[in-house]
Amino acid sequence: MFTSKKRGIFTALAAALALTASVASAEYPEKPISYVIPFGPGGESDITARHQQAFFKKKFGQDLVISYKPGGGGAVGWSQLNDMPGDGYNIMGINLPHIIVKPLQKDVGFKTDELALIYMFHYTPDAVVVSDDSPFKTLQDVIDHAKSNPGKITFSGSGKGTANHLAQVTFDKLAGVKTTYVAFKGTGASVTALLGNQVTGQWGYTSVGAKHADKVRLLAVAMEQRHPRFPDVPTFKELGFDIVSGAYRGIAVPNSTPENVREKLSSMIGQINADPAFKQKMENDGFALVDVDYKGMKAFMDEKRQAYVAAAKEAGVIK
């Protein structure tokens, strides 16, 4: 006769085997999937999820049910991810550098390596943004003025320790200048400061250029190649600065999720990313697609961790 402990083990094993069989079958997904965004509505993470939602329904016949769990710059959501069932029907948005830098600053309820990352689908490249009436027409104009006026040029950005902040620190070091970074609570507030002439410019994203095309001008983008939406804007690399950076976004699942479920979900997100119509929609909004699947995630994270930690230490946001 089985003890209650043994019965529990067998019950858990049976459930895991049933889940494996279900996900391996053609019927998966058999019901809507909960997609939690650990920020409020309206941001880049939400915009992306909304775009993915329609393509997911078309390709796989089920809804992505989007909900929000804001707080702590994403930390509230990520700290609760592993409490969710790992049944293939719970996914959560993740962001870089947030999930790397935040746990190094203080106890935020999760560790980077505790998160089961299954796909990184895009990033919003960092960009130097000025208002359309700014006297600065090129990045060199900014550099020349900064060298003559150390600390006088002010850049708004979306918080400390964010992609914007780390890009500003990296740029100042590479260009041999000193500028002043003014942290705001989110990209929206940072843009408002720029358009209100409270700052000289903004360390923003290419998505800012797409959304406010009639009000701002991009001077450089942190990409390997020029962004299709902004063919006339040079990359930092073209201008002699080895900066390829931005806010990367992807998806994680509870760490109790079986391997085959992770691989299946990763494949599904990859199929959406590969759709030409989805790609066009994302690029029109200023995003840049990347394709890091579940199997490639470790190498990708190792590379990004090294770069982000070095920049965060330089910025003084971690020790």
# chains A, B, ... in the order shown; residues from 1 in each chain; ligands from 1

$ closest_atom_pairs --of "range 51-99 of chain A" --to "range 255-278 of chain A" --cutoff "10 Å" --atoms "only C-alpha atoms" --output "Markdown table"
| residue | atom | partner | partner_atom | distance |
| --- | --- | --- | --- | --- |
| A:His51 | CA | A:Phe278 | CA | 7.4 |
| A:Gln52 | CA | A:Ile272 | CA | 7.0 |
| A:Gln53 | CA | A:Ile272 | CA | 9.7 |
| A:Ala54 | CA | A:Phe278 | CA | 9.6 |
| A:Phe55 | CA | A:Ile272 | CA | 6.3 |
| A:Phe56 | CA | A:Ile272 | CA | 6.9 |
| A:Lys58 | CA | A:Ile272 | CA | 9.8 |
| A:Lys59 | CA | A:Ile272 | CA | 8.0 |
| A:Phe60 | CA | A:Met268 | CA | 8.3 |
| A:Leu81 | CA | A:Asn255 | CA | 8.2 |
| A:Asn82 | CA | A:Asn255 | CA | 5.8 |
| A:Asp83 | CA | A:Asn255 | CA | 9.0 |
| A:Met84 | CA | A:Ser256 | CA | 8.7 |
| A:Pro85 | CA | A:Ser256 | CA | 7.3 |
| A:Gly86 | CA | A:Thr257 | CA | 4.0 |
| A:Asp87 | CA | A:Thr257 | CA | 6.1 |
| A:Gly88 | CA | A:Val261 | CA | 6.0 |
| A:Tyr89 | CA | A:Leu265 | CA | 9.6 |
| A:Asn90 | CA | A:Thr257 | CA | 9.3 |
| A:Ile91 | CA | A:Leu265 | CA | 9.1 |

$ select_by_dssp --residues "range 7-234 of chain A" --states "helix (DSSP H, G or I)" --output "PyMOL selection string"
chain A and resi 7-24+44-60+72-83+98-105+112-114+139-148+163-175+187-195+206-211

$ atom_distance --atom1 "CA of Phe184 in chain A" --atom2 "CA of Lys147 in chain A"
24.8 Å

$ select_by_dssp --residues "range 205-309 of chain A" --states "strand (DSSP E or B)" --output "list in words"
Tyr205, Val216, Arg217, Leu218, Leu219, Ala220, Val221, Thr235, Gly246, Ala247, Tyr248, Arg249, Gly250, Ile251, Ala252, Val253, Ala288, Leu289, Val290, Asp291 and Val292 of chain A

$ write_last_selection --atoms "C-alpha atoms" --output "PDB file, in the first residue's frame"
ATOM      1  CA  TYR A 205      14.743  54.633 -28.097  1.00  0.00           C
ATOM      2  CA  VAL A 216      11.954  64.880 -32.686  1.00  0.00           C
ATOM      3  CA  ARG A 217      15.128  64.029 -34.583  1.00  0.00           C
ATOM      4  CA  LEU A 218      17.404  61.046 -34.028  1.00  0.00           C
ATOM      5  CA  LEU A 219      21.133  61.703 -34.198  1.00  0.00           C
ATOM      6  CA  ALA A 220      22.413  58.117 -33.828  1.00  0.00           C
ATOM      7  CA  VAL A 221      21.043  54.651 -33.119  1.00  0.00           C
ATOM      8  CA  THR A 235      24.604  53.981 -36.164  1.00  0.00           C
ATOM      9  CA  GLY A 246      18.783  48.990 -25.901  1.00  0.00           C
ATOM     10  CA  ALA A 247      15.931  47.500 -23.924  1.00  0.00           C
ATOM     11  CA  TYR A 248      15.573  43.847 -24.887  1.00  0.00           C
ATOM     12  CA  ARG A 249      12.253  42.106 -24.428  1.00  0.00           C
ATOM     13  CA  GLY A 250      11.256  38.486 -24.341  1.00  0.00           C
ATOM     14  CA  ILE A 251       9.272  35.833 -22.538  1.00  0.00           C
ATOM     15  CA  ALA A 252       9.842  33.628 -19.507  1.00  0.00           C
ATOM     16  CA  VAL A 253       7.859  30.778 -17.973  1.00  0.00           C
ATOM     17  CA  ALA A 288      14.259  45.918 -33.984  1.00  0.00           C
ATOM     18  CA  LEU A 289      13.648  42.176 -34.061  1.00  0.00           C
ATOM     19  CA  VAL A 290      16.085  39.652 -32.645  1.00  0.00           C
ATOM     20  CA  ASP A 291      15.671  35.890 -32.547  1.00  0.00           C
ATOM     21  CA  VAL A 292      17.130  34.222 -29.493  1.00  0.00           C
TER      22      VAL A 292
END

$ residues_around --residues "range 96-103 of chain A" --least-positions-apart "2" --cutoff "9 Å" --atoms "only C-alpha atoms" --output "PDB file with N, CA and C atoms, in the first residue's frame"
ATOM      1  N   GLY A  73       9.561  48.384 -11.146  1.00  0.00           N
ATOM      2  CA  GLY A  73      10.249  48.295 -12.432  1.00  0.00           C
ATOM      3  C   GLY A  73      10.267  46.886 -12.990  1.00  0.00           C
ATOM      4  N   GLY A  74       9.186  46.143 -12.741  1.00  0.00           N
ATOM      5  CA  GLY A  74       9.083  44.764 -13.225  1.00  0.00           C
ATOM      6  C   GLY A  74       9.321  43.725 -12.147  1.00  0.00           C
ATOM      7  N   ALA A  75       9.966  44.114 -11.059  1.00  0.00           N
ATOM      8  CA  ALA A  75      10.383  43.154 -10.032  1.00  0.00           C
ATOM      9  C   ALA A  75       9.200  42.467  -9.347  1.00  0.00           C
ATOM     10  N   TRP A  78       8.167  39.581 -11.698  1.00  0.00           N
ATOM     11  CA  TRP A  78       9.191  38.536 -11.809  1.00  0.00           C
ATOM     12  C   TRP A  78       9.370  37.775 -10.502  1.00  0.00           C
ATOM     13  N   ILE A  94       9.682  39.629 -20.106  1.00  0.00           N
ATOM     14  CA  ILE A  94      10.926  39.947 -19.383  1.00  0.00           C
ATOM     15  C   ILE A  94      11.682  41.037 -20.151  1.00  0.00           C
ATOM     16  N   GLN A 105      21.309  45.043  -7.345  1.00  0.00           N
ATOM     17  CA  GLN A 105      21.199  46.269  -6.563  1.00  0.00           C
ATOM     18  C   GLN A 105      20.727  46.003  -5.138  1.00  0.00           C
ATOM     19  N   LYS A 106      19.764  45.083  -5.021  1.00  0.00           N
ATOM     20  CA  LYS A 106      19.194  44.757  -3.700  1.00  0.00           C
ATOM     21  C   LYS A 106      18.343  43.505  -3.843  1.00  0.00           C
ATOM     22  N   ASP A 107      17.772  43.066  -2.731  1.00  0.00           N
ATOM     23  CA  ASP A 107      16.878  41.911  -2.761  1.00  0.00           C
ATOM     24  C   ASP A 107      15.537  42.348  -3.350  1.00  0.00           C
ATOM     25  N   VAL A 108      15.235  41.843  -4.556  1.00  0.00           N
ATOM     26  CA  VAL A 108      13.986  42.212  -5.224  1.00  0.00           C
ATOM     27  C   VAL A 108      13.050  41.014  -5.381  1.00  0.00           C
ATOM     28  N   GLY A 109      13.364  39.930  -4.676  1.00  0.00           N
ATOM     29  CA  GLY A 109      12.464  38.780  -4.683  1.00  0.00           C
ATOM     30  C   GLY A 109      12.729  37.752  -5.753  1.00  0.00           C
ATOM     31  N   PHE A 110      13.743  37.972  -6.590  1.00  0.00           N
ATOM     32  CA  PHE A 110      14.109  36.983  -7.593  1.00  0.00           C
ATOM     33  C   PHE A 110      15.586  37.138  -7.947  1.00  0.00           C
ATOM     34  N   LYS A 111      16.160  36.083  -8.465  1.00  0.00           N
ATOM     35  CA  LYS A 111      17.518  36.093  -9.006  1.00  0.00           C
ATOM     36  C   LYS A 111      17.424  35.868 -10.510  1.00  0.00           C
ATOM     37  N   THR A 112      18.339  36.446 -11.242  1.00  0.00           N
ATOM     38  CA  THR A 112      18.303  36.320 -12.699  1.00  0.00           C
ATOM     39  C   THR A 112      18.239  34.865 -13.140  1.00  0.00           C
ATOM     40  N   LEU A 115      14.948  32.647 -13.344  1.00  0.00           N
ATOM     41  CA  LEU A 115      13.929  32.863 -14.364  1.00  0.00           C
ATOM     42  C   LEU A 115      14.193  31.963 -15.566  1.00  0.00           C
ATOM     43  N   TYR A 123      14.342  44.261 -29.499  1.00  0.00           N
ATOM     44  CA  TYR A 123      14.826  45.295 -28.601  1.00  0.00           C
ATOM     45  C   TYR A 123      14.478  46.661 -29.198  1.00  0.00           C
ATOM     46  N   GLY A 161      19.967  52.948 -14.055  1.00  0.00           N
ATOM     47  CA  GLY A 161      20.244  51.532 -14.245  1.00  0.00           C
ATOM     48  C   GLY A 161      19.496  50.916 -15.410  1.00  0.00           C
ATOM     49  N   THR A 162      18.801  51.744 -16.188  1.00  0.00           N
ATOM     50  CA  THR A 162      18.060  51.261 -17.349  1.00  0.00           C
ATOM     51  C   THR A 162      18.991  51.235 -18.570  1.00  0.00           C
ATOM     52  N   ALA A 163      18.458  50.722 -19.677  1.00  0.00           N
ATOM     53  CA  ALA A 163      19.244  50.692 -20.906  1.00  0.00           C
ATOM     54  C   ALA A 163      19.697  52.094 -21.302  1.00  0.00           C
ATOM     55  N   GLY A 246      20.178  48.586 -25.981  1.00  0.00           N
ATOM     56  CA  GLY A 246      18.783  48.990 -25.901  1.00  0.00           C
ATOM     57  C   GLY A 246      18.067  48.162 -24.860  1.00  0.00           C
ATOM     58  N   ALA A 247      16.759  48.282 -24.841  1.00  0.00           N
ATOM     59  CA  ALA A 247      15.931  47.500 -23.924  1.00  0.00           C
ATOM     60  C   ALA A 247      15.444  46.260 -24.663  1.00  0.00           C
ATOM     61  N   TYR A 248      15.948  45.115 -24.259  1.00  0.00           N
ATOM     62  CA  TYR A 248      15.573  43.847 -24.887  1.00  0.00           C
ATOM     63  C   TYR A 248      14.350  43.282 -24.186  1.00  0.00           C
ATOM     64  N   ARG A 249      13.488  42.658 -24.985  1.00  0.00           N
ATOM     65  CA  ARG A 249      12.253  42.106 -24.428  1.00  0.00           C
ATOM     66  C   ARG A 249      12.047  40.682 -24.908  1.00  0.00           C
ATOM     67  N   GLY A 250      11.488  39.881 -24.008  1.00  0.00           N
ATOM     68  CA  GLY A 250      11.256  38.486 -24.341  1.00  0.00           C
ATOM     69  C   GLY A 250      10.231  37.886 -23.412  1.00  0.00           C
ATOM     70  N   MET A 301      22.531  35.463 -22.782  1.00  0.00           N
ATOM     71  CA  MET A 301      22.490  36.089 -21.466  1.00  0.00           C
ATOM     72  C   MET A 301      23.885  36.266 -20.881  1.00  0.00           C
ATOM     73  N   LYS A 304      25.322  39.378 -22.556  1.00  0.00           N
ATOM     74  CA  LYS A 304      24.678  40.611 -22.112  1.00  0.00           C
ATOM     75  C   LYS A 304      24.979  40.920 -20.649  1.00  0.00           C
ATOM     76  N   ARG A 305      25.043  39.876 -19.846  1.00  0.00           N
ATOM     77  CA  ARG A 305      25.327  40.081 -18.423  1.00  0.00           C
ATOM     78  C   ARG A 305      26.674  40.789 -18.239  1.00  0.00           C
ATOM     79  N   TYR A 308      26.330  44.530 -19.369  1.00  0.00           N
ATOM     80  CA  TYR A 308      25.467  45.332 -18.505  1.00  0.00           C
ATOM     81  C   TYR A 308      26.075  45.540 -17.122  1.00  0.00           C
ATOM     82  N   VAL A 309      26.701  44.516 -16.585  1.00  0.00           N
ATOM     83  CA  VAL A 309      27.296  44.638 -15.248  1.00  0.00           C
ATOM     84  C   VAL A 309      28.434  45.647 -15.276  1.00  0.00           C
ATOM     85  N   ALA A 312      26.864  49.077 -15.512  1.00  0.00           N
ATOM     86  CA  ALA A 312      26.162  49.427 -14.278  1.00  0.00           C
ATOM     87  C   ALA A 312      27.144  49.812 -13.179  1.00  0.00           C
ATOM     88  N   VAL A 317      25.417  52.262 -10.204  1.00  0.00           N
ATOM     89  CA  VAL A 317      24.126  51.736  -9.734  1.00  0.00           C
ATOM     90  C   VAL A 317      24.278  50.385  -9.051  1.00  0.00           C
ATOM     91  N   ILE A 318      25.424  49.721  -9.259  1.00  0.00           N
ATOM     92  CA  ILE A 318      25.768  48.527  -8.486  1.00  0.00           C
ATOM     93  C   ILE A 318      27.223  48.656  -8.071  1.00  0.00           C
TER      94      ILE A 318
END

$ residues_around --residues "range 34-44 of chain A" --least-positions-apart "2" --cutoff "9 Å" --atoms "only C-alpha atoms" --output "ChimeraX atom specification"
/A:32,46-49,63-78,89-94,124,186-188,207,249,287

$ write_last_selection --atoms "N, CA and C atoms" --output "mmCIF file, in the first residue's frame"
data_model
loop_
_atom_site.group_PDB
_atom_site.id
_atom_site.type_symbol
_atom_site.label_atom_id
_atom_site.label_comp_id
_atom_site.auth_asym_id
_atom_site.auth_seq_id
_atom_site.Cartn_x
_atom_site.Cartn_y
_atom_site.Cartn_z
ATOM 1 N N PRO A 32 -6.778 29.259 -23.792
ATOM 2 C CA PRO A 32 -6.020 30.512 -23.812
ATOM 3 C C PRO A 32 -4.805 30.460 -22.887
ATOM 4 N N ASP A 46 3.771 46.283 -23.511
ATOM 5 C CA ASP A 46 2.347 46.102 -23.778
ATOM 6 C C ASP A 46 2.058 46.190 -25.277
ATOM 7 N N ILE A 47 2.681 47.155 -25.948
ATOM 8 C CA ILE A 47 2.474 47.310 -27.388
ATOM 9 C C ILE A 47 2.873 46.036 -28.120
ATOM 10 N N THR A 48 4.016 45.486 -27.748
ATOM 11 C CA THR A 48 4.485 44.252 -28.377
ATOM 12 C C THR A 48 3.524 43.102 -28.140
ATOM 13 N N ALA A 49 3.086 42.954 -26.891
ATOM 14 C CA ALA A 49 2.169 41.872 -26.559
ATOM 15 C C ALA A 49 0.880 41.971 -27.358
ATOM 16 N N ASP A 63 -6.250 32.408 -27.674
ATOM 17 C CA ASP A 63 -5.960 33.781 -27.278
ATOM 18 C C ASP A 63 -4.774 33.855 -26.333
ATOM 19 N N LEU A 64 -4.042 34.942 -26.435
ATOM 20 C CA LEU A 64 -3.122 35.350 -25.380
ATOM 21 C C LEU A 64 -3.897 36.340 -24.524
ATOM 22 N N VAL A 65 -4.136 35.986 -23.283
ATOM 23 C CA VAL A 65 -4.905 36.852 -22.389
ATOM 24 C C VAL A 65 -3.925 37.729 -21.620
ATOM 25 N N ILE A 66 -3.880 38.983 -21.987
ATOM 26 C CA ILE A 66 -2.881 39.901 -21.431
ATOM 27 C C ILE A 66 -3.394 40.544 -20.148
ATOM 28 N N SER A 67 -2.536 40.516 -19.132
ATOM 29 C CA SER A 67 -2.839 41.198 -17.868
ATOM 30 C C SER A 67 -1.572 41.890 -17.398
ATOM 31 N N TYR A 68 -1.706 42.707 -16.365
ATOM 32 C CA TYR A 68 -0.593 43.542 -15.918
ATOM 33 C C TYR A 68 -0.324 43.338 -14.430
ATOM 34 N N LYS A 69 0.950 43.325 -14.096
ATOM 35 C CA LYS A 69 1.354 43.211 -12.697
ATOM 36 C C LYS A 69 2.519 44.180 -12.470
ATOM 37 N N PRO A 70 2.217 45.483 -12.481
ATOM 38 C CA PRO A 70 3.284 46.478 -12.369
ATOM 39 C C PRO A 70 3.842 46.603 -10.954
ATOM 40 N N GLY A 71 5.007 47.209 -10.875
ATOM 41 C CA GLY A 71 5.613 47.493 -9.574
ATOM 42 C C GLY A 71 7.088 47.159 -9.551
ATOM 43 N N GLY A 72 7.864 48.049 -8.965
ATOM 44 C CA GLY A 72 9.292 47.799 -8.799
ATOM 45 C C GLY A 72 10.049 47.689 -10.099
ATOM 46 N N GLY A 73 9.561 48.384 -11.146
ATOM 47 C CA GLY A 73 10.249 48.295 -12.432
ATOM 48 C C GLY A 73 10.267 46.886 -12.990
ATOM 49 N N GLY A 74 9.186 46.143 -12.741
ATOM 50 C CA GLY A 74 9.083 44.764 -13.225
ATOM 51 C C GLY A 74 9.321 43.725 -12.147
ATOM 52 N N ALA A 75 9.966 44.114 -11.059
ATOM 53 C CA ALA A 75 10.383 43.154 -10.032
ATOM 54 C C ALA A 75 9.200 42.467 -9.347
ATOM 55 N N VAL A 76 8.091 43.172 -9.177
ATOM 56 C CA VAL A 76 6.932 42.564 -8.518
ATOM 57 C C VAL A 76 6.449 41.355 -9.314
ATOM 58 N N GLY A 77 6.333 41.515 -10.603
ATOM 59 C CA GLY A 77 5.907 40.403 -11.447
ATOM 60 C C GLY A 77 6.905 39.268 -11.477
ATOM 61 N N TRP A 78 8.167 39.581 -11.698
ATOM 62 C CA TRP A 78 9.191 38.536 -11.809
ATOM 63 C C TRP A 78 9.370 37.775 -10.502
ATOM 64 N N TYR A 89 0.600 27.234 -19.793
ATOM 65 C CA TYR A 89 -0.446 28.234 -19.996
ATOM 66 C C TYR A 89 -0.196 29.517 -19.206
ATOM 67 N N ASN A 90 1.059 29.687 -18.772
ATOM 68 C CA ASN A 90 1.452 30.914 -18.080
ATOM 69 C C ASN A 90 2.792 31.386 -18.617
ATOM 70 N N ILE A 91 2.816 32.605 -19.171
ATOM 71 C CA ILE A 91 4.054 33.201 -19.641
ATOM 72 C C ILE A 91 4.112 34.636 -19.126
ATOM 73 N N MET A 92 5.308 35.194 -19.080
ATOM 74 C CA MET A 92 5.480 36.559 -18.574
ATOM 75 C C MET A 92 6.541 37.275 -19.399
ATOM 76 N N GLY A 93 6.307 38.564 -19.652
ATOM 77 C CA GLY A 93 7.291 39.374 -20.345
ATOM 78 C C GLY A 93 8.513 39.617 -19.480
ATOM 79 N N ILE A 94 9.682 39.629 -20.106
ATOM 80 C CA ILE A 94 10.926 39.947 -19.383
ATOM 81 C C ILE A 94 11.682 41.037 -20.151
ATOM 82 N N THR A 124 14.360 47.637 -28.324
ATOM 83 C CA THR A 124 14.226 49.014 -28.770
ATOM 84 C C THR A 124 15.613 49.632 -28.639
ATOM 85 N N GLY A 186 10.132 56.382 -16.503
ATOM 86 C CA GLY A 186 9.604 55.824 -17.737
ATOM 87 C C GLY A 186 9.907 56.665 -18.955
ATOM 88 N N THR A 187 9.757 56.033 -20.124
ATOM 89 C CA THR A 187 10.053 56.697 -21.394
ATOM 90 C C THR A 187 9.113 57.864 -21.642
ATOM 91 N N GLY A 188 7.827 57.711 -21.297
ATOM 92 C CA GLY A 188 6.852 58.771 -21.536
ATOM 93 C C GLY A 188 7.231 60.067 -20.843
ATOM 94 N N SER A 207 11.875 53.795 -30.874
ATOM 95 C CA SER A 207 10.412 53.861 -30.814
ATOM 96 C C SER A 207 9.926 55.285 -30.546
ATOM 97 N N ARG A 249 13.488 42.658 -24.985
ATOM 98 C CA ARG A 249 12.253 42.106 -24.428
ATOM 99 C C ARG A 249 12.047 40.682 -24.908
ATOM 100 N N PHE A 287 10.710 49.208 -33.402
ATOM 101 C CA PHE A 287 11.377 48.072 -32.761
ATOM 102 C C PHE A 287 12.368 47.428 -33.732
#

$ atom_distance --atom1 "CA of Val130 in chain A" --atom2 "CA of Glu238 in chain A"
19.2 Å

$ atom_distance --atom1 "CA of Lys173 in chain A" --atom2 "CA of Ala146 in chain A"
12.4 Å

$ closest_residue --among "A:Thr192, A:Asn149, A:Thr200, A:Gln140" --to "Ala175 in chain A" --atoms "only C-alpha atoms"
A:Gln140
